[in-house]
Structures are given as C-alpha cells and as structure tokens.
file coords.pdb (PDB, C-alpha atoms and all ligand atoms)
MODEL        1
ATOM      1  CA  MET A   4       0.000   0.000   0.000
ATOM      2  CA  GLU A   5       1.615   3.219  -1.134
ATOM      3  CA  ASN A   6       0.494   6.616   0.069
ATOM      4  CA  VAL A   7      -3.200   5.665  -0.009
ATOM      5  CA  SER A   8      -5.801   8.319   0.785
ATOM      6  CA  ILE A   9      -9.562   7.770   0.566
ATOM      7  CA  LYS A  10     -12.218  10.436   0.611
ATOM      8  CA  TYR A  11     -15.980  10.357   0.995
ATOM      9  CA  MET A  12     -18.201  13.112  -0.330
ATOM     10  CA  VAL A  13     -20.510  14.243   2.444
ATOM     11  CA  GLY A  14     -23.391  16.655   2.245
ATOM     12  CA  ASP A  15     -27.103  16.813   1.671
ATOM     13  CA  PHE A  16     -27.107  15.593  -1.926
ATOM     14  CA  LYS A  17     -28.490  12.127  -1.194
ATOM     15  CA  SER A  18     -31.714  13.189   0.478
ATOM     16  CA  ILE A  19     -32.778  16.216  -1.566
ATOM     17  CA  GLY A  20     -33.951  14.723  -4.869
ATOM     18  CA  PHE A  21     -33.071  15.747  -8.406
ATOM     19  CA  LYS A  22     -35.242  18.907  -8.670
ATOM     20  CA  GLU A  23     -33.929  20.387  -5.448
ATOM     21  CA  TYR A  24     -30.398  19.458  -6.531
ATOM     22  CA  VAL A  25     -30.758  21.399  -9.801
ATOM     23  CA  LEU A  26     -32.263  24.394  -7.985
ATOM     24  CA  ARG A  27     -29.528  24.467  -5.379
ATOM     25  CA  ARG A  28     -26.803  24.147  -8.013
ATOM     26  CA  LEU A  29     -28.328  27.060  -9.935
ATOM     27  CA  LYS A  30     -28.529  29.171  -6.777
ATOM     28  CA  GLY A  31     -25.029  28.143  -5.772
ATOM     29  CA  ASN A  32     -25.991  26.807  -2.354
ATOM     30  CA  TYR A  33     -25.383  23.144  -3.054
ATOM     31  CA  ASP A  34     -23.403  22.017  -0.056
ATOM     32  CA  THR A  35     -20.996  19.082  -0.283
ATOM     33  CA  LYS A  36     -17.699  18.549   1.441
ATOM     34  CA  GLU A  37     -14.836  16.160   1.113
ATOM     35  CA  PHE A  38     -14.145  13.948   4.090
ATOM     36  CA  TRP A  39     -10.820  12.114   4.142
ATOM     37  CA  ALA A  40     -11.330   8.768   5.926
ATOM     38  CA  ASN A  41      -7.734   7.674   5.242
ATOM     39  CA  LYS A  42      -4.691   9.822   4.602
ATOM     40  CA  HIS A  43      -1.262   8.822   3.318
ATOM     41  CA  ILE A  44      -1.286   5.195   4.413
ATOM     42  CA  SER A  45       1.733   3.148   3.353
ATOM     43  CA  PHE A  46       2.817  -0.329   4.388
ATOM     44  CA  THR A  47       3.949  -3.644   2.977
ATOM     45  CA  LEU A  48       2.984  -7.156   4.023
ATOM     46  CA  ASN A  49       4.664 -10.398   3.101
ATOM     47  CA  LYS A  50       3.245 -13.845   2.491
ATOM     48  CA  GLY A  51       2.259 -15.389   5.835
ATOM     49  CA  ASP A  52       1.922 -12.080   7.689
ATOM     50  CA  MET A  53      -1.033 -11.418   9.917
ATOM     51  CA  LEU A  54      -1.769  -7.736  10.303
ATOM     52  CA  GLY A  55      -3.998  -6.396  13.072
ATOM     53  CA  ILE A  56      -5.542  -2.980  12.447
ATOM     54  CA  ILE A  57      -6.482  -1.081  15.608
ATOM     55  CA  GLY A  58      -7.803   2.414  16.324
ATOM     56  CA  SER A  59     -10.775   4.284  17.804
ATOM     57  CA  ASN A  60     -14.272   4.291  16.292
ATOM     58  CA  GLY A  61     -14.243   6.152  13.006
ATOM     59  CA  ALA A  62     -10.449   5.879  12.629
ATOM     60  CA  GLY A  63     -10.811   4.589   9.052
ATOM     61  CA  LYS A  64     -10.172   0.872   9.599
ATOM     62  CA  SER A  65     -13.185  -0.504   7.692
ATOM     63  CA  THR A  66     -12.702   2.005   4.890
ATOM     64  CA  LEU A  67      -9.144   0.794   4.436
ATOM     65  CA  LEU A  68     -10.325  -2.836   4.331
ATOM     66  CA  LYS A  69     -12.868  -1.910   1.656
ATOM     67  CA  ALA A  70     -10.083  -0.419  -0.443
ATOM     68  CA  ILE A  71      -7.853  -3.474   0.035
ATOM     69  CA  SER A  72     -10.777  -5.732  -0.913
ATOM     70  CA  GLY A  73     -11.403  -3.722  -4.074
ATOM     71  CA  ILE A  74     -14.896  -2.510  -3.051
ATOM     72  CA  MET A  75     -13.628   1.082  -2.967
ATOM     73  CA  VAL A  76     -11.001   2.678  -5.148
ATOM     74  CA  PRO A  77      -8.480   4.865  -3.295
ATOM     75  CA  SER A  78      -8.730   8.566  -4.179
ATOM     76  CA  THR A  79      -4.940   8.737  -4.401
ATOM     77  CA  GLY A  80      -2.106   6.288  -4.001
ATOM     78  CA  LYS A  81      -1.888   2.656  -4.980
ATOM     79  CA  ILE A  82      -2.576  -0.812  -3.598
ATOM     80  CA  GLU A  83      -0.841  -3.820  -5.060
ATOM     81  CA  LYS A  84      -1.800  -7.357  -4.094
ATOM     82  CA  ARG A  85      -1.028 -10.810  -5.379
ATOM     83  CA  GLY A  86      -3.223 -13.899  -5.031
ATOM     84  CA  LYS A  87      -6.847 -14.800  -4.407
ATOM     85  CA  LEU A  88      -8.445 -12.473  -1.910
ATOM     86  CA  VAL A  89     -11.472 -13.273   0.244
ATOM     87  CA  ALA A  90     -13.010 -10.526   2.383
ATOM     88  CA  LEU A  91     -15.445 -10.852   5.267
ATOM     89  CA  LEU A  92     -16.712  -7.339   5.806
ATOM     90  CA  GLU A  93     -20.169  -6.380   7.043
ATOM     91  CA  LEU A  94     -22.125  -9.229   8.551
ATOM     92  CA  GLY A  95     -24.216 -11.032   5.978
ATOM     93  CA  SER A  96     -22.883  -9.112   2.980
ATOM     94  CA  GLY A  97     -22.689 -11.304  -0.093
ATOM     95  CA  PHE A  98     -25.550 -13.558   1.094
ATOM     96  CA  ASP A  99     -29.159 -13.761  -0.049
ATOM     97  CA  GLY A 100     -31.523 -13.872   2.935
ATOM     98  CA  ASP A 101     -34.221 -15.886   1.137
ATOM     99  CA  LEU A 102     -31.901 -18.644  -0.080
ATOM    100  CA  THR A 103     -31.001 -21.552   2.188
ATOM    101  CA  VAL A 104     -27.687 -22.012   3.949
ATOM    102  CA  LYS A 105     -26.705 -24.627   1.361
ATOM    103  CA  GLU A 106     -27.693 -22.480  -1.623
ATOM    104  CA  ASN A 107     -25.859 -19.522  -0.145
ATOM    105  CA  THR A 108     -22.705 -21.563   0.345
ATOM    106  CA  TYR A 109     -22.647 -22.501  -3.342
ATOM    107  CA  LEU A 110     -23.588 -18.966  -4.378
ATOM    108  CA  ARG A 111     -20.791 -17.484  -2.325
ATOM    109  CA  GLY A 112     -18.355 -20.018  -3.783
ATOM    110  CA  ALA A 113     -19.456 -19.115  -7.308
ATOM    111  CA  MET A 114     -19.050 -15.414  -6.526
ATOM    112  CA  LEU A 115     -15.498 -16.112  -5.418
ATOM    113  CA  GLY A 116     -14.835 -17.865  -8.725
ATOM    114  CA  TYR A 117     -14.948 -21.511  -7.562
ATOM    115  CA  THR A 118     -16.501 -24.289  -9.639
ATOM    116  CA  ARG A 119     -19.369 -26.489  -8.483
ATOM    117  CA  PRO A 120     -17.174 -29.648  -8.264
ATOM    118  CA  PHE A 121     -14.710 -27.700  -6.093
ATOM    119  CA  MET A 122     -17.537 -26.518  -3.822
ATOM    120  CA  ASN A 123     -18.939 -30.087  -3.713
ATOM    121  CA  SER A 124     -15.598 -31.255  -2.376
ATOM    122  CA  LYS A 125     -15.554 -28.561   0.326
ATOM    123  CA  TYR A 126     -19.233 -28.312   1.253
ATOM    124  CA  ASN A 127     -19.372 -30.886   4.079
ATOM    125  CA  ASP A 128     -16.272 -29.453   5.765
ATOM    126  CA  ILE A 129     -17.714 -25.936   5.547
ATOM    127  CA  ILE A 130     -21.037 -26.923   7.127
ATOM    128  CA  GLU A 131     -19.385 -29.039   9.798
ATOM    129  CA  PHE A 132     -16.918 -26.325  10.741
ATOM    130  CA  ALA A 133     -19.754 -23.784  10.937
ATOM    131  CA  GLU A 134     -21.750 -26.279  13.048
ATOM    132  CA  LEU A 135     -24.772 -25.721  10.822
ATOM    133  CA  LYS A 136     -25.527 -29.276   9.770
ATOM    134  CA  ASP A 137     -29.081 -29.084  11.135
ATOM    135  CA  PHE A 138     -29.647 -25.700   9.493
ATOM    136  CA  GLN A 139     -28.624 -26.462   5.895
ATOM    137  CA  ASP A 140     -32.125 -26.020   4.498
ATOM    138  CA  ARG A 141     -33.046 -22.980   6.591
ATOM    139  CA  PRO A 142     -33.263 -19.587   4.851
ATOM    140  CA  PHE A 143     -30.171 -17.523   5.665
ATOM    141  CA  LYS A 144     -32.276 -14.703   7.151
ATOM    142  CA  PHE A 145     -33.456 -16.999   9.952
ATOM    143  CA  LEU A 146     -29.942 -17.623  11.277
ATOM    144  CA  SER A 147     -28.697 -15.771  14.349
ATOM    145  CA  SER A 148     -25.921 -13.168  13.858
ATOM    146  CA  GLY A 149     -23.356 -15.561  15.289
ATOM    147  CA  MET A 150     -24.479 -18.339  12.925
ATOM    148  CA  LYS A 151     -24.274 -15.987   9.935
ATOM    149  CA  SER A 152     -20.745 -14.998  10.785
ATOM    150  CA  ARG A 153     -19.775 -18.634  11.418
ATOM    151  CA  LEU A 154     -20.984 -19.578   7.942
ATOM    152  CA  ALA A 155     -19.172 -16.633   6.329
ATOM    153  CA  PHE A 156     -15.958 -17.451   8.169
ATOM    154  CA  SER A 157     -16.161 -21.170   7.368
ATOM    155  CA  ILE A 158     -16.625 -20.556   3.644
ATOM    156  CA  ALA A 159     -13.838 -17.997   3.523
ATOM    157  CA  SER A 160     -11.352 -20.038   5.486
ATOM    158  CA  LEU A 161     -12.005 -23.474   4.015
ATOM    159  CA  ILE A 162     -11.507 -22.479   0.404
ATOM    160  CA  ASN A 163      -7.860 -21.578   1.057
ATOM    161  CA  PRO A 164      -7.514 -17.927   0.046
ATOM    162  CA  ASP A 165      -4.086 -16.323  -0.429
ATOM    163  CA  ILE A 166      -5.288 -13.150   1.292
ATOM    164  CA  LEU A 167      -7.997 -13.188   3.964
ATOM    165  CA  ILE A 168      -9.600  -9.943   5.160
ATOM    166  CA  LEU A 169     -11.664  -9.985   8.355
ATOM    167  CA  ASP A 170     -13.561  -7.026   9.773
ATOM    168  CA  GLU A 171     -14.521  -7.797  13.385
ATOM    169  CA  VAL A 172     -16.307 -10.962  12.230
ATOM    170  CA  LEU A 173     -14.719 -13.161  14.806
ATOM    171  CA  SER A 174     -16.139 -11.097  17.622
ATOM    172  CA  VAL A 175     -19.697 -12.186  16.783
ATOM    173  CA  GLY A 176     -19.174 -15.906  17.288
ATOM    174  CA  ASP A 177     -19.386 -17.370  20.787
ATOM    175  CA  GLY A 178     -16.270 -18.172  22.846
ATOM    176  CA  ALA A 179     -15.953 -21.727  21.586
ATOM    177  CA  PHE A 180     -16.254 -20.747  17.943
ATOM    178  CA  ARG A 181     -13.793 -17.885  18.437
ATOM    179  CA  LYS A 182     -11.198 -20.313  19.765
ATOM    180  CA  LYS A 183     -11.804 -22.681  16.885
ATOM    181  CA  SER A 184     -11.615 -19.893  14.290
ATOM    182  CA  GLU A 185      -8.436 -18.448  15.777
ATOM    183  CA  LYS A 186      -6.850 -21.867  15.491
ATOM    184  CA  LYS A 187      -8.114 -22.146  11.904
ATOM    185  CA  MET A 188      -6.603 -18.767  11.098
ATOM    186  CA  LYS A 189      -3.251 -19.846  12.474
ATOM    187  CA  ASP A 190      -3.442 -22.898  10.149
ATOM    188  CA  ILE A 191      -4.286 -20.626   7.205
ATOM    189  CA  ILE A 192      -1.331 -18.409   7.989
ATOM    190  CA  SER A 193       1.065 -21.302   8.433
ATOM    191  CA  GLY A 194      -0.185 -22.497   5.033
ATOM    192  CA  GLY A 195       1.277 -19.251   3.625
ATOM    193  CA  ALA A 196      -1.785 -16.967   3.444
ATOM    194  CA  THR A 197      -1.688 -13.319   4.418
ATOM    195  CA  THR A 198      -4.407 -12.138   6.785
ATOM    196  CA  ILE A 199      -5.639  -8.687   7.737
ATOM    197  CA  LEU A 200      -7.867  -8.373  10.770
ATOM    198  CA  VAL A 201      -9.633  -5.344  12.228
ATOM    199  CA  SER A 202     -10.238  -5.825  15.924
ATOM    200  CA  HIS A 203     -11.130  -3.920  19.055
ATOM    201  CA  SER A 204      -9.798  -6.829  21.104
ATOM    202  CA  LEU A 205      -6.159  -6.104  21.874
ATOM    203  CA  ASN A 206      -5.739  -9.567  23.373
ATOM    204  CA  GLN A 207      -6.768 -11.086  20.076
ATOM    205  CA  VAL A 208      -4.342  -8.861  18.164
ATOM    206  CA  LYS A 209      -1.515  -9.574  20.606
ATOM    207  CA  SER A 210      -2.012 -13.326  20.470
ATOM    208  CA  MET A 211      -2.487 -13.643  16.725
ATOM    209  CA  CYS A 212      -0.801 -10.855  14.770
ATOM    210  CA  ASN A 213       2.848 -10.426  13.857
ATOM    211  CA  LYS A 214       2.288  -6.911  12.442
ATOM    212  CA  ILE A 215       0.131  -4.057  13.589
ATOM    213  CA  LEU A 216      -1.259  -0.848  12.105
ATOM    214  CA  TRP A 217      -2.673   1.822  14.419
ATOM    215  CA  LEU A 218      -4.959   4.373  12.776
ATOM    216  CA  GLU A 219      -6.470   7.528  14.302
ATOM    217  CA  LYS A 220      -8.654  10.008  12.415
ATOM    218  CA  GLY A 221      -7.611   8.429   9.140
ATOM    219  CA  LYS A 222      -3.895   8.778   9.787
ATOM    220  CA  MET A 223      -1.288   6.152  10.476
ATOM    221  CA  VAL A 224      -0.046   6.506  14.048
ATOM    222  CA  GLN A 225       2.224   3.457  13.977
ATOM    223  CA  PHE A 226       2.974   0.445  11.817
ATOM    224  CA  GLY A 227       5.422  -2.299  12.674
ATOM    225  CA  ASP A 228       6.157  -5.727  14.044
ATOM    226  CA  ASN A 229       6.579  -4.636  17.676
ATOM    227  CA  VAL A 230       2.975  -5.650  18.362
ATOM    228  CA  GLN A 231       3.218  -5.688  22.183
ATOM    229  CA  ASN A 232       4.727  -2.179  22.382
ATOM    230  CA  ILE A 233       2.277  -0.612  19.951
ATOM    231  CA  CYS A 234      -0.648  -2.238  21.782
ATOM    232  CA  SER A 235       0.510  -0.894  25.147
ATOM    233  CA  GLU A 236       0.955   2.610  23.665
ATOM    234  CA  TYR A 237      -2.557   2.341  22.257
ATOM    235  CA  GLU A 238      -3.870   1.228  25.660
ATOM    236  CA  LYS A 239      -2.270   4.285  27.293
ATOM    237  CA  PHE A 240      -3.853   6.453  24.588
ATOM    238  CA  LEU A 241      -7.273   4.925  25.379
ATOM    239  CA  ASP A 242      -6.749   5.505  29.110
ATOM    240  CA  ARG A 243      -5.913   9.179  28.480
ATOM    241  CA  LYS A 244      -9.020   9.490  26.266
ATOM    242  CA  ALA A 245     -11.262   7.943  28.917
ATOM    243  CA  LYS A 246     -10.207  10.476  31.579
TER     244      LYS A 246
HETATM  245  N1  LIG A 301     -20.277   6.099   3.162
HETATM  246  C1  LIG A 301     -19.730   7.051   3.913
HETATM  247  N2  LIG A 301     -19.945   8.355   3.630
HETATM  248  C2  LIG A 301     -19.385   9.318   4.379
HETATM  249  N3  LIG A 301     -18.543   9.095   5.429
HETATM  250  C3  LIG A 301     -18.299   7.817   5.740
HETATM  251  C4  LIG A 301     -18.877   6.727   5.018
HETATM  252  N4  LIG A 301     -18.447   5.572   5.571
HETATM  253  C5  LIG A 301     -17.640   5.920   6.601
HETATM  254  N5  LIG A 301     -17.555   7.263   6.709
HETATM  255  C6  LIG A 301     -16.768   8.019   7.694
HETATM  256  O1  LIG A 301     -15.397   7.668   7.535
HETATM  257  C7  LIG A 301     -14.761   7.583   8.812
HETATM  258  C8  LIG A 301     -14.103   6.220   8.941
HETATM  259  O2  LIG A 301     -15.117   5.229   9.021
HETATM  260  P1  LIG A 301     -14.748   3.679   9.163
HETATM  261  O3  LIG A 301     -16.012   2.913   9.155
HETATM  262  O4  LIG A 301     -13.696   3.334   8.168
HETATM  263  O5  LIG A 301     -14.104   3.681  10.647
HETATM  264  P2  LIG A 301     -13.685   2.458  11.571
HETATM  265  O6  LIG A 301     -12.291   2.746  12.067
HETATM  266  O7  LIG A 301     -13.879   1.159  10.890
HETATM  267  O8  LIG A 301     -14.696   2.624  12.790
HETATM  268  P3  LIG A 301     -15.332   1.559  13.849
HETATM  269  O9  LIG A 301     -14.242   1.124  14.765
HETATM  270  O10 LIG A 301     -16.333   2.407  14.544
HETATM  271  O11 LIG A 301     -15.960   0.448  13.056
HETATM  272  C9  LIG A 301     -15.834   7.863   9.857
HETATM  273  O12 LIG A 301     -15.730   9.213  10.277
HETATM  274  C10 LIG A 301     -17.143   7.647   9.111
HETATM  275  O13 LIG A 301     -18.148   8.502   9.596
ENDMDL
END
call {"tool": "encode", "arguments": {"input": "coords.pdb", "output": "structure tokens"}}
result
Amino acid sequence: MENVSIKYMVGDFKSIGFKEYVLRRLKGNYDTKEFWANKHISFTLNKGDMLGIIGSNGAGKSTLLKAISGIMVPSTGKIEKRGKLVALLELGSGFDGDLTVKENTYLRGAMLGYTRPFMNSKYNDIIEFAELKDFQDRPFKFLSSGMKSRLAFSIASLINPDILILDEVLSVGDGAFRKKSEKKMKDIISGGATTILVSHSLNQVKSMCNKILWLEKGKMVQFGDNVQNICSEYEKFLDRKAK
C-alpha cells in the first residue's frame, strides 16, 4: 500500500432529490464537502503475515479494508496485491436472505470464482466447521448473527484464500467458535496466506498478529512488528481518552 488516501463526499445531496439538486446548483448553495477517511497510508505485508488494524471508532479501519478488498477505489495512491483475496466485511454481505444455507454456500463459492465440483468437495467441511448441519435447508435470514458470521468465516477459510480480510467478524461468534476460528486462522497463515484483521480486542491482536497498524482520524499513528509495544501505547492512549 503506497500513500493511499480515501475520501468520501458528504453533504445533503443524497436526500434532496433531483429537482432540489438542480435548484440548489443554480442558486449556488449546493453544499458538499470532502471527508478524508484515510490519509497517506503506506505499508507492505509479506506472504504469511497477519496484520492487526487497531484504532478508535471512526479511525478509518473498515474504509481501508474496503479499499484493500477492491470494493472502494483509493482517491490517491496505490494498492498492489497478489493472489486470491477473500473478504469478510459487514455481517451477511454477499448472502441472499431468502436462499437456504446450502444455496448460499454454493452462491458465495461461485461469486469467489470456484466451480461447483470444487464446492462439492468442500461443502461438508464448511457446514461441519460452521456447526450448521441441522440448518442447511433454513433460509439464511433466519440464522442468528453468530451463525451468519460462522458460515461466512467457514466458507472464507475453508476455500484456502491467499489473502484473507476480516472485519470484526470473529467477535460475533461465541467463545468456543472464536477459539476454533483463531486456530483455523493460524493454520491458514502457516499455510502461507496473508491475513488482515480489524479488531477492538487487543488480546486477540496480541495473540495472533505479527504486524500491527494503528490508525487515528484516518492517519497512520504506527505500523510495525513490535505488536506488544504498539498495543501498550494504544492502551495508554485509550486511558488518556477515557479520563
Ligand atoms: N459512506 C460514507 N460516507 C461518508 N462518510 C463515511 C462513510 N463511511 C464511513 N464514513 C466516515 O469515515 C470515517 C471512517 O469510518 P470507518 O467505518 O472506516 O471507521 P472504523 O475505524 O472502521 O470505525 P469503527 O471502529 O467504529 O468500526 C468515519 O468518520 C465515518 O463517519
């Protein structure tokens, strides 16, 4: 990632409708502003790295993940990545609520570019890992949040991506599933994949990540492999903020 900045346009243009928009433009009181959610972010990861991204609410963590996943294009700068990328962003994104768990698993596989025979060979493992064997024919919308995230994680992790992006998904599963998924992620990493994880749990970052990126108000505060030190500086920062 080289000098990446990402801006959102904010203002009242979404809610006003076309006629009002034209009128306001003509009168010159059409109000939009640029909001930079990320500014000048640069870092490099190697195969097998696990990066933890930390920072306060609104620091720009999810926006950066969207850019890495290719959902958003950076306003400036460049992102280069090699290999098959799988991203788990907002809960339930990429699923169809009316289709069953089974149908969604195949759909998700197809969206990621996998063939039906490949998905046939992985399907049982995915459902077993997600502990959703009894729910295969249930519409996705009737699953609990934890079950939805378990299915998303199982699909993403069992199809062996080169790059795995996780936005807080692990925090939705219960304790037992979290332990199991952390172990799975360690296996994925030792298999050579690169993982990026956004987390508000410093313990999780400390125990799993070998690199860390700390963002605040869109800017990079620290990046490096001294995970313990950066986490304790961040903890002190949070303590000062809470006073
Ligand atoms: N679609 C959007 N339009 C305008 N501003 C946005 C949009 N999405 C996010 N933002 C703003 O960009 C900033 C960064 O948001 P982002 O979701 O990346 O933060 P975050 O670090 O992931 O936060 P959290 O820890 O709360 O999930 C915030 O100030 C947010 O209000």
call {"tool": "residues_near_ligand", "arguments": {"input": "coords.pdb", "ligand": "ligand LIG 301 (chain A)", "cutoff": "9 Å", "atoms": "all atoms listed in the file", "output": "PyMOL selection string"}}
result
chain A and resi 10-14+37-41+56-69+170-171+201-203+218-221
call {"tool": "closest_residue", "arguments": {"input": "coords.pdb", "among": "A:Met53, A:Ala90, A:Val224, A:Met211", "to": "Lys182 (chain A)", "atoms": "all atoms listed in the file"}}
result
A:Met211
call {"tool": "atom_distance", "arguments": {"input": "coords.pdb", "atom1": "CA of Gln207 (chain A)", "atom2": "CA of Lys183 (chain A)"}}
result
13.0 Å
call {"tool": "residues_near_point", "arguments": {"input": "coords.pdb", "point": "(-13.9, -9.7, 1.9)", "cutoff": "7 Å", "atoms": "all atoms listed in the file", "output": "list in words"}}
result
Ser72, Val89, Ala90, Leu91, Leu92, Ile168 and Leu169 of chain A
call {"tool": "axis_aligned_box", "arguments": {"input": "coords.pdb", "around": "region 87-102 of chain A", "padding_each_side": "3 Å", "output": "lines of an AutoDock Vina configuration file"}}
result
center_x = -20.5
center_y = -12.5
center_z = 2.1
size_x = 33.4
size_y = 18.3
size_z = 19.0
call {"tool": "resolve_selection", "arguments": {"input": "coords.pdb", "expression": "the PyMOL selection byres (((chain A and resi 46-51) around 9) and not hetatm)", "output": "JSON list (two decimals) with C-alpha atoms, in the frame of the given file"}}
result
[["chain", "number", "residue", "atom", "x", "y", "z"],
["A", 4, "MET", "CA", 0.00, 0.00, 0.00],
["A", 5, "GLU", "CA", 1.62, 3.22, -1.13],
["A", 6, "ASN", "CA", 0.49, 6.62, 0.07],
["A", 44, "ILE", "CA", -1.29, 5.20, 4.41],
["A", 45, "SER", "CA", 1.73, 3.15, 3.35],
["A", 52, "ASP", "CA", 1.92, -12.08, 7.69],
["A", 53, "MET", "CA", -1.03, -11.42, 9.92],
["A", 54, "LEU", "CA", -1.77, -7.74, 10.30],
["A", 165, "ASP", "CA", -4.09, -16.32, -0.43],
["A", 166, "ILE", "CA", -5.29, -13.15, 1.29],
["A", 191, "ILE", "CA", -4.29, -20.63, 7.20],
["A", 192, "ILE", "CA", -1.33, -18.41, 7.99],
["A", 193, "SER", "CA", 1.06, -21.30, 8.43],
["A", 194, "GLY", "CA", -0.18, -22.50, 5.03],
["A", 195, "GLY", "CA", 1.28, -19.25, 3.62],
["A", 196, "ALA", "CA", -1.78, -16.97, 3.44],
["A", 197, "THR", "CA", -1.69, -13.32, 4.42],
["A", 198, "THR", "CA", -4.41, -12.14, 6.78],
["A", 214, "LYS", "CA", 2.29, -6.91, 12.44],
["A", 216, "LEU", "CA", -1.26, -0.85, 12.10],
["A", 226, "PHE", "CA", 2.97, 0.44, 11.82],
["A", 227, "GLY", "CA", 5.42, -2.30, 12.67]]
call {"tool": "atom_distance", "arguments": {"input": "coords.pdb", "atom1": "CA of Ile129 (chain A)", "atom2": "CA of Gly86 (chain A)"}}
result
21.6 Å
call {"tool": "closest_atom_pairs", "arguments": {"input": "coords.pdb", "of": "region 13-128 of chain A", "to": "region 138-152 of chain A", "cutoff": "9 Å", "atoms": "only C-alpha atoms", "output": "CSV"}}
result
residue,atom,partner,partner_atom,distance
A:Leu91,CA,A:Ser152,CA,8.7
A:Leu94,CA,A:Ser152,CA,6.3
A:Gly95,CA,A:Lys151,CA,6.3
A:Phe98,CA,A:Phe143,CA,7.6
A:Asp99,CA,A:Phe143,CA,6.9
A:Gly100,CA,A:Lys144,CA,4.4
A:Asp101,CA,A:Pro142,CA,5.3
A:Leu102,CA,A:Pro142,CA,5.2
A:Thr103,CA,A:Pro142,CA,4.0
A:Val104,CA,A:Gln139,CA,4.9
A:Lys105,CA,A:Gln139,CA,5.3
A:Glu106,CA,A:Asp140,CA,8.3
A:Asn107,CA,A:Phe143,CA,7.5
call {"tool": "residues_around", "arguments": {"input": "coords.pdb", "residues": "Asp128 (chain A)", "least_positions_apart": "6", "cutoff": "12 Å", "atoms": "only C-alpha atoms", "output": "short mmCIF file (atom, residue, chain, number, x, y, z; two decimals) with C-alpha atoms, in the frame of the given file"}}
result
data_model
loop_
_atom_site.label_atom_id
_atom_site.label_comp_id
_atom_site.auth_asym_id
_atom_site.auth_seq_id
_atom_site.Cartn_x
_atom_site.Cartn_y
_atom_site.Cartn_z
CA THR A 108 -22.70 -21.56 0.34
CA MET A 122 -17.54 -26.52 -3.82
CA GLU A 134 -21.75 -26.28 13.05
CA LEU A 135 -24.77 -25.72 10.82
CA LYS A 136 -25.53 -29.28 9.77
CA LEU A 154 -20.98 -19.58 7.94
CA SER A 157 -16.16 -21.17 7.37
CA ILE A 158 -16.62 -20.56 3.64
CA ALA A 159 -13.84 -18.00 3.52
CA SER A 160 -11.35 -20.04 5.49
CA LEU A 161 -12.00 -23.47 4.01
CA ILE A 162 -11.51 -22.48 0.40
#
call {"tool": "atom_distance", "arguments": {"input": "coords.pdb", "atom1": "CA of Asn213 (chain A)", "atom2": "CA of Val230 (chain A)"}}
result
6.6 Å
